[in-house]
>>> print(open('target13.pdb').read())   # PDB, C-alpha atoms and all ligand atoms
ATOM      1  CA  MET A   1      35.816  32.275 102.933
ATOM      2  CA  ILE A   2      39.313  33.721 103.268
ATOM      3  CA  TYR A   3      37.726  37.128 103.909
ATOM      4  CA  ILE A   4      35.617  35.726 106.755
ATOM      5  CA  ILE A   5      38.675  34.156 108.409
ATOM      6  CA  LEU A   6      40.652  37.392 107.991
ATOM      7  CA  PHE A   7      37.775  39.417 109.401
ATOM      8  CA  LEU A   8      37.353  37.171 112.446
ATOM      9  CA  PHE A   9      41.118  37.249 113.074
ATOM     10  CA  GLY A  10      41.136  41.061 113.062
ATOM     11  CA  ALA A  11      37.878  41.489 114.973
ATOM     12  CA  SER A  12      39.014  39.122 117.745
ATOM     13  CA  LEU A  13      42.247  41.068 118.133
ATOM     14  CA  GLY A  14      40.092  44.222 118.021
ATOM     15  CA  SER A  15      38.142  42.891 120.975
ATOM     16  CA  PHE A  16      41.447  42.376 122.833
ATOM     17  CA  ILE A  17      42.596  45.873 121.813
ATOM     18  CA  ASN A  18      39.385  47.288 123.336
ATOM     19  CA  VAL A  19      40.132  45.561 126.639
ATOM     20  CA  LEU A  20      43.747  46.786 126.659
ATOM     21  CA  SER A  21      42.831  50.361 125.789
ATOM     22  CA  LEU A  22      40.022  50.578 128.363
ATOM     23  CA  ARG A  23      41.941  48.983 131.230
ATOM     24  CA  TYR A  24      45.457  50.289 130.562
ATOM     25  CA  LYS A  25      47.078  52.243 133.386
ATOM     26  CA  GLU A  26      50.348  54.078 133.011
ATOM     27  CA  ASP A  27      52.090  52.431 135.950
ATOM     28  CA  LYS A  28      51.251  48.843 134.936
ATOM     29  CA  PHE A  29      52.895  46.647 132.312
ATOM     30  CA  ILE A  30      50.383  46.439 129.441
ATOM     31  CA  LEU A  31      50.153  42.639 129.565
ATOM     32  CA  SER A  32      50.112  42.446 133.369
ATOM     33  CA  ARG A  33      47.442  40.446 135.174
ATOM     34  CA  GLU A  34      45.742  43.603 136.424
ATOM     35  CA  ILE A  35      45.079  44.661 132.851
ATOM     36  CA  ILE A  36      44.406  41.494 130.887
ATOM     37  CA  GLY A  37      43.547  39.202 133.803
ATOM     38  CA  GLY A  38      40.023  38.439 134.960
ATOM     39  CA  ARG A  39      37.010  37.422 132.928
ATOM     40  CA  SER A  40      35.372  40.056 130.746
ATOM     41  CA  HIS A  41      32.584  41.771 132.627
ATOM     42  CA  CYS A  42      30.085  44.600 132.245
ATOM     43  CA  ARG A  43      31.770  47.850 133.293
ATOM     44  CA  ASN A  44      28.608  48.907 135.097
ATOM     45  CA  CYS A  45      27.092  45.870 136.869
ATOM     46  CA  LYS A  46      30.351  43.807 136.879
ATOM     47  CA  LYS A  47      28.403  40.733 135.733
ATOM     48  CA  ILE A  48      30.735  38.256 134.015
ATOM     49  CA  LEU A  49      29.905  37.883 130.330
ATOM     50  CA  LYS A  50      28.970  34.564 128.724
ATOM     51  CA  TRP A  51      30.872  33.357 125.667
ATOM     52  CA  TYR A  52      28.142  34.478 123.254
ATOM     53  CA  GLU A  53      28.272  37.975 124.700
ATOM     54  CA  LEU A  54      31.930  38.130 123.697
ATOM     55  CA  ILE A  55      31.518  37.463 119.969
ATOM     56  CA  PRO A  56      32.894  40.548 118.224
ATOM     57  CA  ILE A  57      30.363  42.858 116.548
ATOM     58  CA  LEU A  58      27.496  40.315 116.479
ATOM     59  CA  SER A  59      26.970  40.385 120.242
ATOM     60  CA  PHE A  60      26.902  44.179 120.114
ATOM     61  CA  ILE A  61      24.262  44.154 117.364
ATOM     62  CA  PHE A  62      22.037  41.473 118.931
ATOM     63  CA  GLN A  63      22.094  43.179 122.320
ATOM     64  CA  SER A  64      21.328  46.512 120.601
ATOM     65  CA  GLY A  65      24.422  47.962 122.230
ATOM     66  CA  LYS A  66      23.203  47.276 125.792
ATOM     67  CA  CYS A  67      24.319  45.060 128.664
ATOM     68  CA  ARG A  68      21.963  42.041 128.839
ATOM     69  CA  HIS A  69      21.720  42.299 132.624
ATOM     70  CA  CYS A  70      21.605  45.941 133.640
ATOM     71  CA  LYS A  71      20.690  47.444 130.232
ATOM     72  CA  THR A  72      23.451  50.016 130.485
ATOM     73  CA  LYS A  73      24.453  51.270 127.068
ATOM     74  CA  LEU A  74      27.762  49.822 125.885
ATOM     75  CA  ILE A  75      30.191  52.344 124.502
ATOM     76  CA  TRP A  76      30.335  52.523 120.714
ATOM     77  CA  GLN A  77      34.086  52.041 120.883
ATOM     78  CA  TYR A  78      33.486  48.263 121.182
ATOM     79  CA  PHE A  79      31.637  48.188 117.892
ATOM     80  CA  TRP A  80      33.821  50.530 115.852
ATOM     81  CA  VAL A  81      37.167  49.164 116.984
ATOM     82  CA  GLU A  82      36.110  45.567 116.280
ATOM     83  CA  LEU A  83      34.770  46.553 112.871
ATOM     84  CA  ILE A  84      37.881  48.527 111.875
ATOM     85  CA  CYS A  85      40.223  45.828 113.210
ATOM     86  CA  GLY A  86      38.240  43.191 111.293
ATOM     87  CA  LEU A  87      38.603  45.153 108.060
ATOM     88  CA  ILE A  88      42.365  45.758 108.429
ATOM     89  CA  PRO A  89      43.471  42.164 107.549
ATOM     90  CA  ILE A  90      41.090  42.140 104.562
ATOM     91  CA  LEU A  91      42.478  45.457 103.360
ATOM     92  CA  THR A  92      46.135  44.387 103.718
ATOM     93  CA  PHE A  93      45.386  41.056 102.018
ATOM     94  CA  ILE A  94      43.786  42.745  98.984
ATOM     95  CA  TYR A  95      46.418  45.476  98.896
ATOM     96  CA  PHE A  96      49.461  43.195  99.059
ATOM     97  CA  GLN A  97      47.912  40.620  96.768
ATOM     98  CA  ASN A  98      47.666  43.366  94.164
ATOM     99  CA  ASN A  99      50.959  45.105  94.927
ATOM    100  CA  LEU A 100      53.417  42.567  96.295
ATOM    101  CA  ILE A 101      54.093  41.390  92.767
ATOM    102  CA  THR A 102      55.392  44.835  91.877
ATOM    103  CA  PHE A 103      57.405  45.029  95.108
ATOM    104  CA  PHE A 104      58.895  41.540  94.959
ATOM    105  CA  PRO A 105      58.275  39.885  91.594
ATOM    106  CA  LYS A 106      60.149  36.687  92.414
ATOM    107  CA  THR A 107      58.642  35.959  95.782
ATOM    108  CA  ILE A 108      54.908  36.513  95.304
ATOM    109  CA  SER A 109      54.477  32.798  94.680
ATOM    110  CA  ASN A 110      56.101  31.897  98.004
ATOM    111  CA  PHE A 111      53.203  30.995 100.299
ATOM    112  CA  PHE A 112      55.149  31.295 103.568
ATOM    113  CA  TYR A 113      56.692  34.592 102.586
ATOM    114  CA  PHE A 114      53.404  36.111 101.453
ATOM    115  CA  TRP A 115      51.533  35.251 104.672
ATOM    116  CA  SER A 116      54.423  36.259 106.940
ATOM    117  CA  PHE A 117      54.459  39.614 105.211
ATOM    118  CA  ILE A 118      50.676  40.041 105.633
ATOM    119  CA  LEU A 119      50.706  38.883 109.260
ATOM    120  CA  ILE A 120      53.489  41.289 110.257
ATOM    121  CA  TRP A 121      51.697  44.207 108.591
ATOM    122  CA  ASP A 122      48.385  43.276 110.263
ATOM    123  CA  LEU A 123      50.058  43.261 113.674
ATOM    124  CA  ILE A 124      51.746  46.602 112.946
ATOM    125  CA  LEU A 125      48.459  48.245 111.906
ATOM    126  CA  LEU A 126      46.489  46.761 114.810
ATOM    127  CA  THR A 127      49.154  47.972 117.262
ATOM    128  CA  LEU A 128      48.794  51.438 115.745
ATOM    129  CA  VAL A 129      45.027  51.304 116.435
ATOM    130  CA  LEU A 130      45.759  50.439 120.065
ATOM    131  CA  ILE A 131      48.270  53.311 120.304
ATOM    132  CA  SER A 132      45.647  55.789 119.002
ATOM    133  CA  LEU A 133      43.037  54.636 121.501
ATOM    134  CA  ILE A 134      45.380  54.876 124.494
ATOM    135  CA  ASP A 135      46.802  58.212 123.337
ATOM    136  CA  LEU A 136      43.273  59.632 122.888
ATOM    137  CA  LYS A 137      42.275  58.481 126.352
ATOM    138  CA  LEU A 138      45.410  59.039 128.442
ATOM    139  CA  LYS A 139      47.627  61.201 126.174
ATOM    140  CA  ILE A 140      50.499  58.758 126.459
ATOM    141  CA  ILE A 141      51.958  56.117 124.165
ATOM    142  CA  PRO A 142      53.027  53.062 126.196
ATOM    143  CA  ASN A 143      56.663  52.006 125.731
ATOM    144  CA  GLU A 144      55.526  48.377 125.395
ATOM    145  CA  THR A 145      53.645  49.215 122.188
ATOM    146  CA  ILE A 146      56.702  51.039 120.788
ATOM    147  CA  ILE A 147      58.993  48.093 121.571
ATOM    148  CA  PHE A 148      56.487  45.711 119.951
ATOM    149  CA  LEU A 149      56.425  47.911 116.821
ATOM    150  CA  ILE A 150      60.240  47.962 116.663
ATOM    151  CA  ILE A 151      60.377  44.144 116.948
ATOM    152  CA  LEU A 152      57.798  43.864 114.141
ATOM    153  CA  GLY A 153      59.791  46.399 112.104
ATOM    154  CA  ILE A 154      63.004  44.388 112.479
ATOM    155  CA  ALA A 155      61.170  41.165 111.515
ATOM    156  CA  LEU A 156      59.707  42.914 108.481
ATOM    157  CA  ASN A 157      63.115  44.246 107.416
ATOM    158  CA  LEU A 158      64.742  40.812 107.782
ATOM    159  CA  LEU A 159      61.991  39.369 105.609
ATOM    160  CA  ILE A 160      62.519  42.101 103.009
ATOM    161  CA  VAL A 161      66.329  41.823 102.972
ATOM    162  CA  TYR A 162      66.115  38.043 102.695
ATOM    163  CA  ASN A 163      63.867  38.348  99.658
ATOM    164  CA  TRP A 164      65.568  41.380  98.205
ATOM    165  CA  ASN A 165      65.191  41.802  94.460
ATOM    166  CA  GLU A 166      65.039  45.492  93.897
ATOM    167  CA  PHE A 167      64.033  48.599  95.744
ATOM    168  CA  TYR A 168      60.317  49.167  96.210
ATOM    169  CA  SER A 169      58.294  52.002  97.668
ATOM    170  CA  PHE A 170      54.653  52.402  98.665
ATOM    171  CA  LEU A 171      54.893  55.703  96.794
ATOM    172  CA  GLY A 172      55.646  54.037  93.463
ATOM    173  CA  GLN A 173      57.837  56.025  91.073
ATOM    174  CA  TYR A 174      57.336  59.169  93.204
ATOM    175  CA  ASN A 175      59.921  58.012  95.745
ATOM    176  CA  SER A 176      62.681  59.200  93.382
ATOM    177  CA  PHE A 177      61.703  62.837  94.057
ATOM    178  CA  PHE A 178      63.032  62.464  97.594
ATOM    179  CA  GLY A 179      66.630  61.481  96.888
ATOM    180  CA  ASP A 180      68.275  58.269  95.781
ATOM    181  CA  PHE A 181      68.216  55.958  98.769
ATOM    182  CA  THR A 182      67.663  52.628  97.088
ATOM    183  CA  ASN A 183      70.348  50.947  99.179
ATOM    184  CA  PHE A 184      68.288  49.231 101.862
ATOM    185  CA  LYS A 185      70.501  49.992 104.883
ATOM    186  CA  GLU A 186      70.992  53.623 103.832
ATOM    187  CA  ASN A 187      67.250  53.906 103.309
ATOM    188  CA  ARG A 188      66.324  52.832 106.843
ATOM    189  CA  LEU A 189      69.191  54.878 108.313
ATOM    190  CA  ILE A 190      68.167  58.142 106.633
ATOM    191  CA  ALA A 191      64.536  57.626 107.729
ATOM    192  CA  PHE A 192      65.667  56.992 111.308
ATOM    193  CA  ILE A 193      67.931  60.072 111.386
ATOM    194  CA  PHE A 194      65.171  62.228 109.918
ATOM    195  CA  ALA A 195      62.597  61.083 112.503
ATOM    196  CA  LEU A 196      65.058  61.613 115.344
ATOM    197  CA  LEU A 197      66.241  65.079 114.284
ATOM    198  CA  PHE A 198      62.894  66.413 113.033
ATOM    199  CA  PHE A 199      60.639  65.319 115.896
ATOM    200  CA  GLY A 200      63.410  65.676 118.479
ATOM    201  CA  GLY A 201      64.024  69.202 117.174
ATOM    202  CA  ILE A 202      60.362  70.131 117.433
ATOM    203  CA  ILE A 203      60.200  68.904 121.026
ATOM    204  CA  LEU A 204      63.314  70.922 121.914
ATOM    205  CA  VAL A 205      62.057  74.106 120.221
ATOM    206  CA  THR A 206      58.509  73.900 121.620
ATOM    207  CA  LEU A 207      59.666  72.581 125.009
ATOM    208  CA  GLY A 208      57.360  69.596 124.713
ATOM    209  CA  GLN A 209      54.185  71.617 124.272
ATOM    210  CA  GLY A 210      51.814  69.761 121.979
ATOM    211  CA  MET A 211      54.241  67.034 121.010
ATOM    212  CA  GLY A 212      55.797  64.633 123.463
ATOM    213  CA  MET A 213      58.470  61.973 123.716
ATOM    214  CA  GLY A 214      55.849  59.354 122.869
ATOM    215  CA  ASP A 215      55.345  60.898 119.438
ATOM    216  CA  LEU A 216      59.111  60.929 118.830
ATOM    217  CA  LYS A 217      59.421  57.255 119.833
ATOM    218  CA  LEU A 218      56.455  56.347 117.631
ATOM    219  CA  MET A 219      58.018  58.107 114.628
ATOM    220  CA  ILE A 220      61.342  56.318 115.232
ATOM    221  CA  ALA A 221      59.541  52.944 115.267
ATOM    222  CA  LEU A 222      57.704  53.903 112.061
ATOM    223  CA  SER A 223      60.957  54.977 110.371
ATOM    224  CA  ILE A 224      62.299  51.435 110.875
ATOM    225  CA  ILE A 225      59.068  49.971 109.460
ATOM    226  CA  PHE A 226      58.455  52.356 106.570
ATOM    227  CA  GLY A 227      61.883  53.713 105.590
ATOM    228  CA  TRP A 228      62.436  56.719 103.353
ATOM    229  CA  PRO A 229      60.633  58.722 101.934
ATOM    230  CA  GLU A 230      57.500  57.210 103.532
ATOM    231  CA  THR A 231      58.595  58.508 106.959
ATOM    232  CA  LEU A 232      58.769  62.043 105.558
ATOM    233  CA  ILE A 233      55.302  61.723 103.969
ATOM    234  CA  ILE A 234      53.815  60.383 107.229
ATOM    235  CA  SER A 235      55.297  63.384 109.091
ATOM    236  CA  ILE A 236      53.964  65.927 106.600
ATOM    237  CA  LEU A 237      50.489  64.358 106.479
ATOM    238  CA  SER A 238      50.273  64.193 110.275
ATOM    239  CA  PHE A 239      51.024  67.910 110.537
ATOM    240  CA  ILE A 240      48.452  68.742 107.854
ATOM    241  CA  LEU A 241      45.762  66.587 109.522
ATOM    242  CA  GLY A 242      46.645  67.840 113.008
ATOM    243  CA  GLY A 243      46.550  71.429 111.766
ATOM    244  CA  ILE A 244      43.156  71.031 110.106
ATOM    245  CA  VAL A 245      41.566  69.347 113.131
ATOM    246  CA  SER A 246      43.082  71.880 115.564
ATOM    247  CA  LEU A 247      41.783  74.760 113.462
ATOM    248  CA  ILE A 248      38.275  73.273 113.365
ATOM    249  CA  LEU A 249      38.285  72.724 117.135
ATOM    250  CA  ILE A 250      39.630  76.226 117.830
ATOM    251  CA  LEU A 251      36.985  77.824 115.592
ATOM    252  CA  LYS A 252      34.221  75.691 117.060
ATOM    253  CA  TYR A 253      35.059  75.946 120.759
ATOM    254  CA  LYS A 254      37.050  79.195 120.649
ATOM    255  CA  THR A 255      39.581  77.760 123.043
ATOM    256  CA  ASN A 256      43.299  77.313 123.117
ATOM    257  CA  LEU A 257      44.138  73.654 122.568
ATOM    258  CA  LYS A 258      47.387  73.515 124.481
ATOM    259  CA  GLY A 259      47.789  69.978 125.728
ATOM    260  CA  ILE A 260      44.240  68.935 124.807
ATOM    261  CA  LEU A 261      44.872  67.231 121.506
ATOM    262  CA  PRO A 262      47.146  64.157 121.402
ATOM    263  CA  PHE A 263      49.297  63.962 118.272
ATOM    264  CA  GLY A 264      49.655  60.157 118.113
ATOM    265  CA  PRO A 265      46.336  59.485 116.322
ATOM    266  CA  PHE A 266      47.343  61.868 113.508
ATOM    267  CA  ILE A 267      50.615  59.978 113.036
ATOM    268  CA  VAL A 268      48.644  56.716 112.966
ATOM    269  CA  ILE A 269      46.073  57.931 110.410
ATOM    270  CA  SER A 270      48.923  59.305 108.275
ATOM    271  CA  SER A 271      50.691  55.924 108.382
ATOM    272  CA  PHE A 272      47.543  54.183 107.103
ATOM    273  CA  LEU A 273      47.154  56.824 104.369
ATOM    274  CA  THR A 274      50.804  56.548 103.315
ATOM    275  CA  LEU A 275      50.685  52.750 103.133
ATOM    276  CA  PHE A 276      47.419  52.381 101.241
ATOM    277  CA  LEU A 277      47.076  55.695  99.380
ATOM    278  CA  GLY A 278      50.585  57.235  99.408
ATOM    279  CA  LYS A 279      51.014  56.931  95.663
ATOM    280  CA  GLN A 280      47.595  58.446  94.914
ATOM    281  CA  ILE A 281      48.174  61.321  97.361
ATOM    282  CA  LEU A 282      51.479  62.225  95.669
ATOM    283  CA  GLU A 283      49.879  61.832  92.241
ATOM    284  CA  PHE A 284      47.246  64.357  93.315
ATOM    285  CA  TYR A 285      49.883  66.691  94.788
ATOM    286  CA  PHE A 286      51.990  66.725  91.613
ATOM    287  CA  TYR A 287      48.867  67.155  89.502
ATOM    288  CA  ILE A 288      47.956  70.291  91.486
ATOM    289  CA  MET A 289      51.544  71.589  91.300
ATOM    290  CA  ASN A 290      51.614  71.148  87.525
ATOM    291  CA  PHE A 291      48.272  72.886  87.277
ATOM    292  CA  PHE A 292      49.608  76.031  88.954
ATOM    293  CA  ASN A 293      52.868  76.071  87.044
TER     294      ASN A 293
HETATM  295 ZN    ZN B   1      25.713  45.394 133.060
END
>>> encode(input="target13.pdb", output="structure tokens", more="lines below")
Ligand SMILES: [Zn+2]
Amino acid sequence: MIYIILFLFGASLGSFINVLSLRYKEDKFILSREIIGGRSHCRNCKKILKWYELIPILSFIFQSGKCRHCKTKLIWQYFWVELICGLIPILTFIYFQNNLITFFPKTISNFFYFWSFILIWDLILLTLVLISLIDLKLKIIPNETIIFLIILGIALNLLIVYNWNEFYSFLGQYNSFFGDFTNFKENRLIAFIFALLFFGGIILVTLGQGMGMGDLKLMIALSIIFGWPETLIISILSFILGGIVSLILILKYKTNLKGILPFGPFIVISSFLTLFLGKQILEFYFYIMNFFN
């Protein structure tokens, strides 16, 4: 039952994320009436949708992915985004239920604390999905989404400091390979400075080709949320993923990608990987390193 509620919560927000990402325009505030106002309608025939045509995922399946009135094919984005957003709260619930006890042994039993923690992380991850969609479509990351992430990051940090027992890391024992920053304030500060200097430096050196201010702002928001060394791991993974995808596209289309590929989605995928699989990825990395030594 809890899984169904979590899924519906995520999928409904996914439906909202679809609307925002499809209607967003750079010169409008993201929650302005022009973007979120007006009843949901078919993008082709403009017919206003009935309530049962707005049920996430199910309406898409029962209408076989077509508009009931004009039979225009609906874009698959509706389906996939709702599905992924529905799965995110289930994933965070299972993950933190299994891991929060190792992060905060004394507070796992606190109902309010547990659900606040889960809710903040769900909102962070769903905002990251929205950022990817808008960056893929328009190659910009709206400032509103960055500010929202920073507010969520501050709320998360207050919650952590308030319930502080001992230092924790999504990377498990591997965090100690990246310096001793177990003091909470120092930890967030070093992550922030790294994001600012590293991504700011890249933008200066490359004169903004390939990576933009949006990516820098996104990394700064993530440094507040994730701290150190997670911010470093997210950066490294995003460059590896971006490099692999660029290489595939260059080989396939034999074209120069300058300005074609937005970097935001790689940062977002890397954040998900670091949160849920960071420890396993480092385990694998050190296993390979030992193998070659
Ligand atoms: Zn239609």
>>> resolve_selection(input="target13.pdb", expression="the PyMOL selection byres (((chain A and resi 83) around 9) and not hetatm)", output="PyMOL selection string")
chain A and resi 7+10-11+14+56-57+78-82+84-88
>>> axis_aligned_box(input="target13.pdb", around="region 196-203 of chain A", padding_each_side="8 Å", output="JSON")
{"center_x": 63.2, "center_y": 65.9, "center_z": 117.0, "size_x": 22.0, "size_y": 24.5, "size_z": 24.0}
>>> closest_residue(input="target13.pdb", among="A:Ile244, A:Cys70, A:Leu261, A:Ile36", to="ligand ZN 1 (chain B)", atoms="only C-alpha atoms and all ligand atoms")
A:Cys70
>>> residues_near_ligand(input="target13.pdb", ligand="ligand ZN 1 (chain B)", cutoff="9 Å", atoms="only C-alpha atoms and all ligand atoms", output="list in words")
His41, Cys42, Arg43, Asn44, Cys45, Lys46, Lys47, Ile48, Lys66, Cys67, Arg68, His69, Cys70, Lys71, Thr72, Lys73 and Leu74 of chain A
>>> closest_residue(input="target13.pdb", among="A:Glu186, A:Thr255, A:Met289, A:Leu133", to="Ile269 (chain A)", atoms="only C-alpha atoms")
A:Leu133
>>> atom_distance(input="target13.pdb", atom1="CA of Leu216 (chain A)", atom2="CA of Gln280 (chain A)")
26.7 Å
>>> closest_residue(input="target13.pdb", among="A:Ile147, A:Val19, A:Ala221, A:Met213", to="Gly38 (chain A)", atoms="all atoms listed in the file")
A:Val19
>>> atom_distance(input="target13.pdb", atom1="CA of Thr92 (chain A)", atom2="CA of Ile118 (chain A)")
6.6 Å
>>> atom_distance(input="target13.pdb", atom1="CA of Gly65 (chain A)", atom2="CA of Ile17 (chain A)")
18.3 Å
>>> decode(input="target13.pdb", residues="region 219-249 of chain A", atoms="N, CA and C atoms", output="PDB file, in the first residue's frame")
ATOM      1  N   MET A 219      25.951  22.649 -10.210  1.00  0.00           N
ATOM      2  CA  MET A 219      26.952  21.967  -9.384  1.00  0.00           C
ATOM      3  C   MET A 219      27.078  22.618  -8.005  1.00  0.00           C
ATOM      4  N   ILE A 220      26.935  23.951  -7.950  1.00  0.00           N
ATOM      5  CA  ILE A 220      27.005  24.645  -6.656  1.00  0.00           C
ATOM      6  C   ILE A 220      25.826  24.214  -5.775  1.00  0.00           C
ATOM      7  N   ALA A 221      24.630  24.136  -6.371  1.00  0.00           N
ATOM      8  CA  ALA A 221      23.455  23.678  -5.611  1.00  0.00           C
ATOM      9  C   ALA A 221      23.687  22.249  -5.110  1.00  0.00           C
ATOM     10  N   LEU A 222      24.243  21.400  -5.983  1.00  0.00           N
ATOM     11  CA  LEU A 222      24.473  19.998  -5.597  1.00  0.00           C
ATOM     12  C   LEU A 222      25.543  19.882  -4.513  1.00  0.00           C
ATOM     13  N   SER A 223      26.527  20.800  -4.521  1.00  0.00           N
ATOM     14  CA  SER A 223      27.578  20.738  -3.497  1.00  0.00           C
ATOM     15  C   SER A 223      26.982  20.995  -2.114  1.00  0.00           C
ATOM     16  N   ILE A 224      25.970  21.878  -2.055  1.00  0.00           N
ATOM     17  CA  ILE A 224      25.304  22.151  -0.771  1.00  0.00           C
ATOM     18  C   ILE A 224      24.504  20.923  -0.334  1.00  0.00           C
ATOM     19  N   ILE A 225      23.883  20.243  -1.299  1.00  0.00           N
ATOM     20  CA  ILE A 225      23.064  19.066  -0.990  1.00  0.00           C
ATOM     21  C   ILE A 225      23.932  17.859  -0.636  1.00  0.00           C
ATOM     22  N   PHE A 226      24.941  17.596  -1.460  1.00  0.00           N
ATOM     23  CA  PHE A 226      25.692  16.347  -1.320  1.00  0.00           C
ATOM     24  C   PHE A 226      26.943  16.443  -0.443  1.00  0.00           C
ATOM     25  N   GLY A 227      27.599  17.612  -0.429  1.00  0.00           N
ATOM     26  CA  GLY A 227      28.840  17.728   0.332  1.00  0.00           C
ATOM     27  C   GLY A 227      30.012  17.028  -0.346  1.00  0.00           C
ATOM     28  N   TRP A 228      31.056  16.816   0.440  1.00  0.00           N
ATOM     29  CA  TRP A 228      32.296  16.226  -0.053  1.00  0.00           C
ATOM     30  C   TRP A 228      32.445  14.818   0.507  1.00  0.00           C
ATOM     31  N   PRO A 229      32.953  13.832  -0.237  1.00  0.00           N
ATOM     32  CA  PRO A 229      33.479  13.888  -1.606  1.00  0.00           C
ATOM     33  C   PRO A 229      32.443  13.585  -2.688  1.00  0.00           C
ATOM     34  N   GLU A 230      31.153  13.501  -2.315  1.00  0.00           N
ATOM     35  CA  GLU A 230      30.129  13.177  -3.314  1.00  0.00           C
ATOM     36  C   GLU A 230      30.151  14.142  -4.506  1.00  0.00           C
ATOM     37  N   THR A 231      30.387  15.453  -4.208  1.00  0.00           N
ATOM     38  CA  THR A 231      30.414  16.442  -5.285  1.00  0.00           C
ATOM     39  C   THR A 231      31.527  16.130  -6.296  1.00  0.00           C
ATOM     40  N   LEU A 232      32.663  15.700  -5.783  1.00  0.00           N
ATOM     41  CA  LEU A 232      33.780  15.313  -6.657  1.00  0.00           C
ATOM     42  C   LEU A 232      33.391  14.108  -7.522  1.00  0.00           C
ATOM     43  N   ILE A 233      32.766  13.103  -6.901  1.00  0.00           N
ATOM     44  CA  ILE A 233      32.378  11.889  -7.635  1.00  0.00           C
ATOM     45  C   ILE A 233      31.342  12.223  -8.710  1.00  0.00           C
ATOM     46  N   ILE A 234      30.375  13.089  -8.372  1.00  0.00           N
ATOM     47  CA  ILE A 234      29.370  13.497  -9.367  1.00  0.00           C
ATOM     48  C   ILE A 234      30.069  14.157 -10.554  1.00  0.00           C
ATOM     49  N   SER A 235      31.046  15.038 -10.276  1.00  0.00           N
ATOM     50  CA  SER A 235      31.761  15.731 -11.357  1.00  0.00           C
ATOM     51  C   SER A 235      32.497  14.737 -12.251  1.00  0.00           C
ATOM     52  N   ILE A 236      33.223  13.820 -11.628  1.00  0.00           N
ATOM     53  CA  ILE A 236      34.002  12.848 -12.413  1.00  0.00           C
ATOM     54  C   ILE A 236      33.070  11.986 -13.264  1.00  0.00           C
ATOM     55  N   LEU A 237      32.003  11.462 -12.637  1.00  0.00           N
ATOM     56  CA  LEU A 237      31.075  10.602 -13.384  1.00  0.00           C
ATOM     57  C   LEU A 237      30.433  11.358 -14.545  1.00  0.00           C
ATOM     58  N   SER A 238      30.090  12.643 -14.322  1.00  0.00           N
ATOM     59  CA  SER A 238      29.422  13.380 -15.394  1.00  0.00           C
ATOM     60  C   SER A 238      30.357  13.579 -16.584  1.00  0.00           C
ATOM     61  N   PHE A 239      31.658  13.762 -16.304  1.00  0.00           N
ATOM     62  CA  PHE A 239      32.601  13.885 -17.417  1.00  0.00           C
ATOM     63  C   PHE A 239      32.790  12.554 -18.142  1.00  0.00           C
ATOM     64  N   ILE A 240      32.817  11.464 -17.388  1.00  0.00           N
ATOM     65  CA  ILE A 240      32.955  10.142 -18.022  1.00  0.00           C
ATOM     66  C   ILE A 240      31.735   9.862 -18.904  1.00  0.00           C
ATOM     67  N   LEU A 241      30.527  10.058 -18.340  1.00  0.00           N
ATOM     68  CA  LEU A 241      29.301   9.798 -19.109  1.00  0.00           C
ATOM     69  C   LEU A 241      29.204  10.713 -20.332  1.00  0.00           C
ATOM     70  N   GLY A 242      29.477  12.015 -20.102  1.00  0.00           N
ATOM     71  CA  GLY A 242      29.422  12.976 -21.205  1.00  0.00           C
ATOM     72  C   GLY A 242      30.414  12.617 -22.299  1.00  0.00           C
ATOM     73  N   GLY A 243      31.604  12.180 -21.884  1.00  0.00           N
ATOM     74  CA  GLY A 243      32.635  11.792 -22.851  1.00  0.00           C
ATOM     75  C   GLY A 243      32.209  10.594 -23.680  1.00  0.00           C
ATOM     76  N   ILE A 244      31.656   9.582 -22.993  1.00  0.00           N
ATOM     77  CA  ILE A 244      31.236   8.365 -23.701  1.00  0.00           C
ATOM     78  C   ILE A 244      30.132   8.691 -24.706  1.00  0.00           C
ATOM     79  N   VAL A 245      29.124   9.428 -24.263  1.00  0.00           N
ATOM     80  CA  VAL A 245      27.995   9.743 -25.154  1.00  0.00           C
ATOM     81  C   VAL A 245      28.449  10.616 -26.317  1.00  0.00           C
ATOM     82  N   SER A 246      29.320  11.609 -26.043  1.00  0.00           N
ATOM     83  CA  SER A 246      29.826  12.458 -27.131  1.00  0.00           C
ATOM     84  C   SER A 246      30.568  11.624 -28.160  1.00  0.00           C
ATOM     85  N   LEU A 247      31.408  10.711 -27.670  1.00  0.00           N
ATOM     86  CA  LEU A 247      32.201   9.879 -28.582  1.00  0.00           C
ATOM     87  C   LEU A 247      31.287   9.040 -29.469  1.00  0.00           C
ATOM     88  N   ILE A 248      30.258   8.443 -28.867  1.00  0.00           N
ATOM     89  CA  ILE A 248      29.313   7.626 -29.636  1.00  0.00           C
ATOM     90  C   ILE A 248      28.633   8.480 -30.704  1.00  0.00           C
ATOM     91  N   LEU A 249      28.190   9.682 -30.307  1.00  0.00           N
ATOM     92  CA  LEU A 249      27.484  10.548 -31.261  1.00  0.00           C
ATOM     93  C   LEU A 249      28.419  11.012 -32.377  1.00  0.00           C
TER      94      LEU A 249
END
